[in-house]
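Structure file protein-v3.tsv (TSV, C-alpha atoms) is printed below.
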```
chain	number	residue	atom	x	y	z
H	6	MET	CA	10.67	-44.75	1.79
H	7	PRO	CA	13.14	-42.31	3.41
H	8	ALA	CA	16.02	-40.95	1.38
H	9	ILE	CA	19.51	-42.11	2.25
H	10	THR	CA	21.43	-39.27	3.84
H	11	PRO	CA	24.98	-38.65	2.69
H	12	PRO	CA	27.70	-39.45	5.22
H	13	SER	CA	28.76	-36.70	7.58
H	14	ILE	CA	32.26	-35.32	7.54
H	15	GLU	CA	32.94	-37.16	10.82
H	16	GLU	CA	31.94	-40.46	9.23
H	17	LEU	CA	34.18	-39.78	6.25
H	18	MET	CA	37.22	-38.42	8.06
H	19	GLY	CA	37.14	-40.28	11.40
H	20	PRO	CA	38.41	-43.67	10.17
H	21	PHE	CA	40.78	-41.94	7.75
H	22	THR	CA	42.39	-39.85	10.50
H	23	ALA	CA	42.68	-42.89	12.77
H	24	SER	CA	44.42	-44.89	10.02
H	25	ILE	CA	46.88	-42.04	9.36
H	26	ASP	CA	47.64	-41.90	13.09
H	27	ILE	CA	48.32	-45.66	13.11
H	28	ALA	CA	50.58	-45.31	10.04
H	29	ILE	CA	52.60	-42.60	11.80
H	30	LEU	CA	52.85	-44.75	14.93
H	31	LEU	CA	54.13	-47.67	12.85
H	32	TYR	CA	56.64	-45.35	11.18
H	33	GLY	CA	58.00	-44.53	14.62
H	34	ILE	CA	58.40	-48.24	15.36
H	35	VAL	CA	60.17	-48.81	12.03
H	36	THR	CA	62.49	-45.87	12.71
H	37	ALA	CA	63.40	-47.26	16.14
H	38	GLN	CA	64.05	-50.72	14.66
H	39	VAL	CA	66.21	-49.32	11.86
H	40	TYR	CA	68.17	-47.21	14.34
H	41	PHE	CA	68.78	-50.21	16.60
H	42	TYR	CA	69.69	-52.42	13.63
H	43	TRP	CA	72.04	-49.82	12.17
H	44	TRP	CA	74.17	-49.61	15.32
H	45	ALA	CA	73.88	-53.24	16.45
H	46	SER	CA	74.58	-54.95	13.10
H	47	GLN	CA	77.49	-53.08	11.58
H	48	GLU	CA	79.08	-56.36	10.46
H	49	ASP	CA	76.26	-57.08	7.99
H	50	SER	CA	76.93	-56.72	4.28
H	51	LYS	CA	76.76	-53.29	2.68
H	52	LEU	CA	74.00	-54.51	0.37
H	53	LEU	CA	71.78	-55.52	3.30
H	54	ARG	CA	72.48	-52.26	5.13
H	55	PHE	CA	71.70	-50.30	1.94
H	56	LEU	CA	68.44	-52.25	1.58
H	57	ILE	CA	67.45	-51.43	5.17
H	58	ALA	CA	68.32	-47.74	4.67
H	59	SER	CA	66.38	-47.56	1.39
H	60	VAL	CA	63.29	-49.15	2.98
H	61	TRP	CA	63.50	-46.56	5.77
H	62	CYS	CA	63.80	-43.73	3.22
H	63	LEU	CA	60.76	-45.02	1.34
H	64	GLU	CA	58.84	-45.35	4.62
H	65	THR	CA	59.78	-41.74	5.35
H	66	ALA	CA	58.42	-40.65	1.96
H	67	HIS	CA	55.25	-42.68	2.59
H	68	THR	CA	54.80	-40.99	5.97
H	69	VAL	CA	55.33	-37.53	4.46
H	70	PHE	CA	52.61	-38.27	1.90
H	71	CYS	CA	50.31	-39.50	4.70
H	72	ILE	CA	50.92	-36.27	6.64
H	73	ASP	CA	50.26	-34.21	3.49
H	74	ILE	CA	46.98	-36.06	2.83
H	75	ASN	CA	45.96	-35.60	6.45
H	76	TYR	CA	46.83	-31.88	6.34
H	77	HIS	CA	44.90	-31.45	3.10
H	78	TYR	CA	41.73	-33.10	4.39
H	79	THR	CA	41.75	-31.99	8.04
H	80	ILE	CA	43.24	-28.46	7.84
H	81	ILE	CA	42.82	-27.03	4.34
H	82	ASP	CA	39.37	-28.57	3.78
H	83	PHE	CA	38.26	-28.52	7.43
H	84	GLY	CA	34.47	-28.72	7.50
H	85	ASN	CA	34.25	-28.55	3.69
H	86	LEU	CA	32.49	-31.71	2.51
H	87	GLU	CA	33.04	-30.84	-1.16
H	88	GLY	CA	36.78	-30.40	-0.59
H	89	VAL	CA	37.05	-33.66	1.32
H	90	LEU	CA	35.52	-35.52	-1.62
H	91	GLN	CA	38.37	-34.38	-3.92
H	92	ILE	CA	41.30	-36.79	-4.32
H	93	ALA	CA	44.52	-35.19	-3.07
H	94	TRP	CA	47.57	-35.64	-5.34
H	95	SER	CA	49.53	-37.17	-2.47
H	96	ALA	CA	47.06	-40.09	-2.23
H	97	GLY	CA	48.35	-41.47	-5.53
H	98	ALA	CA	51.94	-40.72	-4.56
H	99	LYS	CA	51.41	-42.60	-1.27
H	100	VAL	CA	50.29	-45.68	-3.22
H	101	LEU	CA	53.43	-45.46	-5.39
H	102	ALA	CA	55.61	-45.25	-2.27
H	103	GLU	CA	53.91	-48.39	-0.92
H	104	VAL	CA	54.64	-50.19	-4.20
H	105	LEU	CA	58.33	-49.23	-4.01
H	106	ILE	CA	58.61	-50.31	-0.37
H	107	LEU	CA	57.33	-53.79	-1.18
H	108	SER	CA	59.55	-54.12	-4.24
H	109	ASP	CA	62.55	-53.37	-1.98
H	110	LEU	CA	61.41	-55.92	0.59
H	111	ALA	CA	61.31	-58.59	-2.10
H	112	ASN	CA	65.14	-58.67	-2.00
H	113	LEU	CA	65.19	-60.17	1.50
H	114	ASP	CA	67.00	-63.46	2.13
H	115	ILE	CA	64.47	-66.24	1.58
H	116	ARG	CA	65.89	-69.68	0.83
H	117	SER	CA	62.82	-71.62	-0.38
H	118	VAL	CA	62.34	-71.56	-4.15
H	119	THR	CA	58.61	-72.25	-3.76
H	120	LEU	CA	58.13	-69.46	-1.24
H	121	ILE	CA	60.17	-66.94	-3.23
H	122	SER	CA	58.16	-67.86	-6.35
H	123	ILE	CA	54.88	-67.25	-4.52
H	124	LEU	CA	56.17	-63.97	-3.10
H	125	THR	CA	57.43	-62.84	-6.50
H	126	ILE	CA	54.09	-63.56	-8.19
H	127	LEU	CA	52.20	-61.79	-5.39
H	128	LEU	CA	54.63	-58.86	-5.58
H	129	PHE	CA	54.17	-58.41	-9.33
H	130	MET	CA	50.39	-58.63	-8.92
H	131	ARG	CA	50.52	-56.07	-6.10
H	132	ILE	CA	52.72	-53.71	-8.12
H	133	ALA	CA	50.41	-53.97	-11.15
H	134	PHE	CA	47.28	-53.30	-9.10
H	135	GLY	CA	49.07	-50.57	-7.12
H	136	LEU	CA	50.14	-48.71	-10.24
H	137	ALA	CA	46.63	-49.08	-11.69
H	138	THR	CA	45.10	-47.76	-8.45
H	139	ALA	CA	47.49	-44.78	-8.44
H	140	SER	CA	46.66	-43.99	-12.07
H	141	PHE	CA	42.91	-44.09	-11.34
H	142	MET	CA	43.47	-41.74	-8.39
H	143	TRP	CA	45.17	-39.24	-10.70
H	144	LYS	CA	42.61	-39.68	-13.48
H	145	LEU	CA	39.44	-39.38	-11.40
H	146	ASP	CA	38.78	-36.11	-9.59
H	147	THR	CA	36.66	-37.17	-6.62
H	148	TRP	CA	36.29	-40.13	-4.27
H	149	ASN	CA	32.68	-40.46	-5.45
H	150	GLU	CA	33.85	-40.93	-9.05
H	151	PHE	CA	36.44	-43.42	-7.82
H	152	ARG	CA	33.83	-45.35	-5.84
H	153	ILE	CA	31.24	-45.34	-8.64
H	154	PHE	CA	33.70	-46.49	-11.33
H	155	ASN	CA	33.70	-50.29	-10.99
H	156	GLY	CA	37.12	-50.72	-12.59
H	157	ALA	CA	38.76	-48.46	-10.02
H	158	MET	CA	37.02	-50.20	-7.12
H	159	ILE	CA	38.00	-53.67	-8.37
H	160	VAL	CA	41.61	-52.63	-8.92
H	161	ALA	CA	41.83	-50.92	-5.51
H	162	THR	CA	40.27	-53.94	-3.77
H	163	CYS	CA	42.75	-56.29	-5.46
H	164	PHE	CA	45.61	-53.95	-4.52
H	165	ILE	CA	44.59	-53.96	-0.86
H	166	GLY	CA	44.00	-57.73	-0.88
H	167	PHE	CA	47.36	-58.55	-2.46
H	168	SER	CA	49.03	-56.11	-0.06
H	169	GLY	CA	47.63	-57.91	2.97
H	170	VAL	CA	48.46	-61.39	1.70
H	171	LEU	CA	51.97	-60.37	0.64
H	172	ASP	CA	52.66	-58.61	3.95
H	173	ALA	CA	51.53	-61.71	5.85
H	174	PHE	CA	53.67	-64.04	3.70
H	175	ILE	CA	56.76	-61.85	4.08
H	176	ALA	CA	56.29	-61.48	7.83
H	177	LEU	CA	55.72	-65.21	8.38
H	178	SER	CA	58.67	-66.22	6.20
H	179	GLN	CA	60.96	-63.77	7.98
H	180	ILE	CA	59.80	-65.03	11.38
H	181	TYR	CA	60.48	-68.60	10.27
H	182	TYR	CA	63.94	-67.88	8.83
H	183	LEU	CA	64.99	-65.69	11.74
H	184	TRP	CA	63.81	-68.36	14.18
H	185	THR	CA	65.61	-71.23	12.41
H	186	SER	CA	68.88	-69.35	11.83
H	187	ARG	CA	69.34	-67.87	15.30
H	188	THR	CA	72.86	-67.78	16.63
H	189	GLY	CA	73.88	-67.21	20.20
H	190	TYR	CA	70.54	-66.69	21.90
H	191	GLN	CA	68.52	-69.82	22.64
H	192	ALA	CA	64.96	-69.50	23.94
```
Please, can you express the file's structure as structure tokens?
Amino acid sequence: MPAITPPSIEELMGPFTASIDIAILLYGIVTAQVYFYWWASQEDSKLLRFLIASVWCLETAHTVFCIDINYHYTIIDFGNLEGVLQIAWSAGAKVLAEVLILSDLANLDIRSVTLISILTILLFMRIAFGLATASFMWKLDTWNEFRIFNGAMIVATCFIGFSGVLDAFIALSQIYYLWTSRTGYQA
């Protein structure tokens, strides 16, 4: 029976680099949307404008952490498989920035008590699993330790799962409320 070969650096870093590139692309889209909103909606309340600005600032911090992680793994540890297996400090900080972004988004105008209850429960679950994931990233030294430790893998999987479900719920509820409360423009 042949031995299983460890993954190459290309197999480890290829998907990671592609996901960082997508995150930076999405940051550019968010920046363009915030810029357009800021100048087109000056009559909105100061609280809403502050919320939009704070989400953009947190997205900026998230992107800076993504760039730092990418720099660490693709420049500092270029070709060094042992270095790539180490967890960079900014990976845990990136998770914390994601938690803060979603907690800010929970303040959006949603009128359904049932929907806001579901979103609030999902948000608290996501925050709990996100903080636990970040703490495991700081506690464990390597990605191998993180992967082998079942508790860390379960917590990280729940964090990612709740993130996806919560993002979908928020996006769909915002699409619904924006569609039903349109003024002026009729499709």
Record the distance separating CA of Leu31 (chain H) and CA of Gly166 (chain H), expressed in Å with one decimal.
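Interatomic distance here is 19.8 Å.
The gap separating CA of Phe174 (chain H) from CA of Ile123 (chain H) is 8.9 Å, in Å to one decimal.
Counting from CA of Ser122 (chain H), the distance to CA of Val35 (chain H) is 26.5 Å.
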Min atom-atom distance to Thr138 (chain H) from the set H:Leu124, H:Cys71, H:Ala161, H:Ile25, counting all atoms listed in the file, belongs to H:Ala161
Is it possible to get the residues within 12 Å of (52.9, -40.9, 8.7) (coordinates as in the file, counting all atoms listed in the file) written as number ranges by chain?
H: 22-36, 63-76, 99
From the set H:Trp143, H:Phe21, H:Tyr40, H:Phe167, which residue has the shortest atom-to-atom contact distance to Thr125 (chain H), counting all atoms listed in the file?
H:Phe167
Among the residues H:Glu48, H:Ala137, H:Met18, H:Met142, the one that comes closest to Tyr78 (chain H) [using only C-alpha atoms]
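Result for the nearest residue to Tyr78 (chain H): H:Met18.
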Pick the closest to Ile132 (chain H) from H:Val160, H:Thr119, H:Thr147, H:Gly19: which is it, counting all atoms listed in the file?
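Using all atoms listed in the file, Ile132 (chain H) sits closest to H:Val160.
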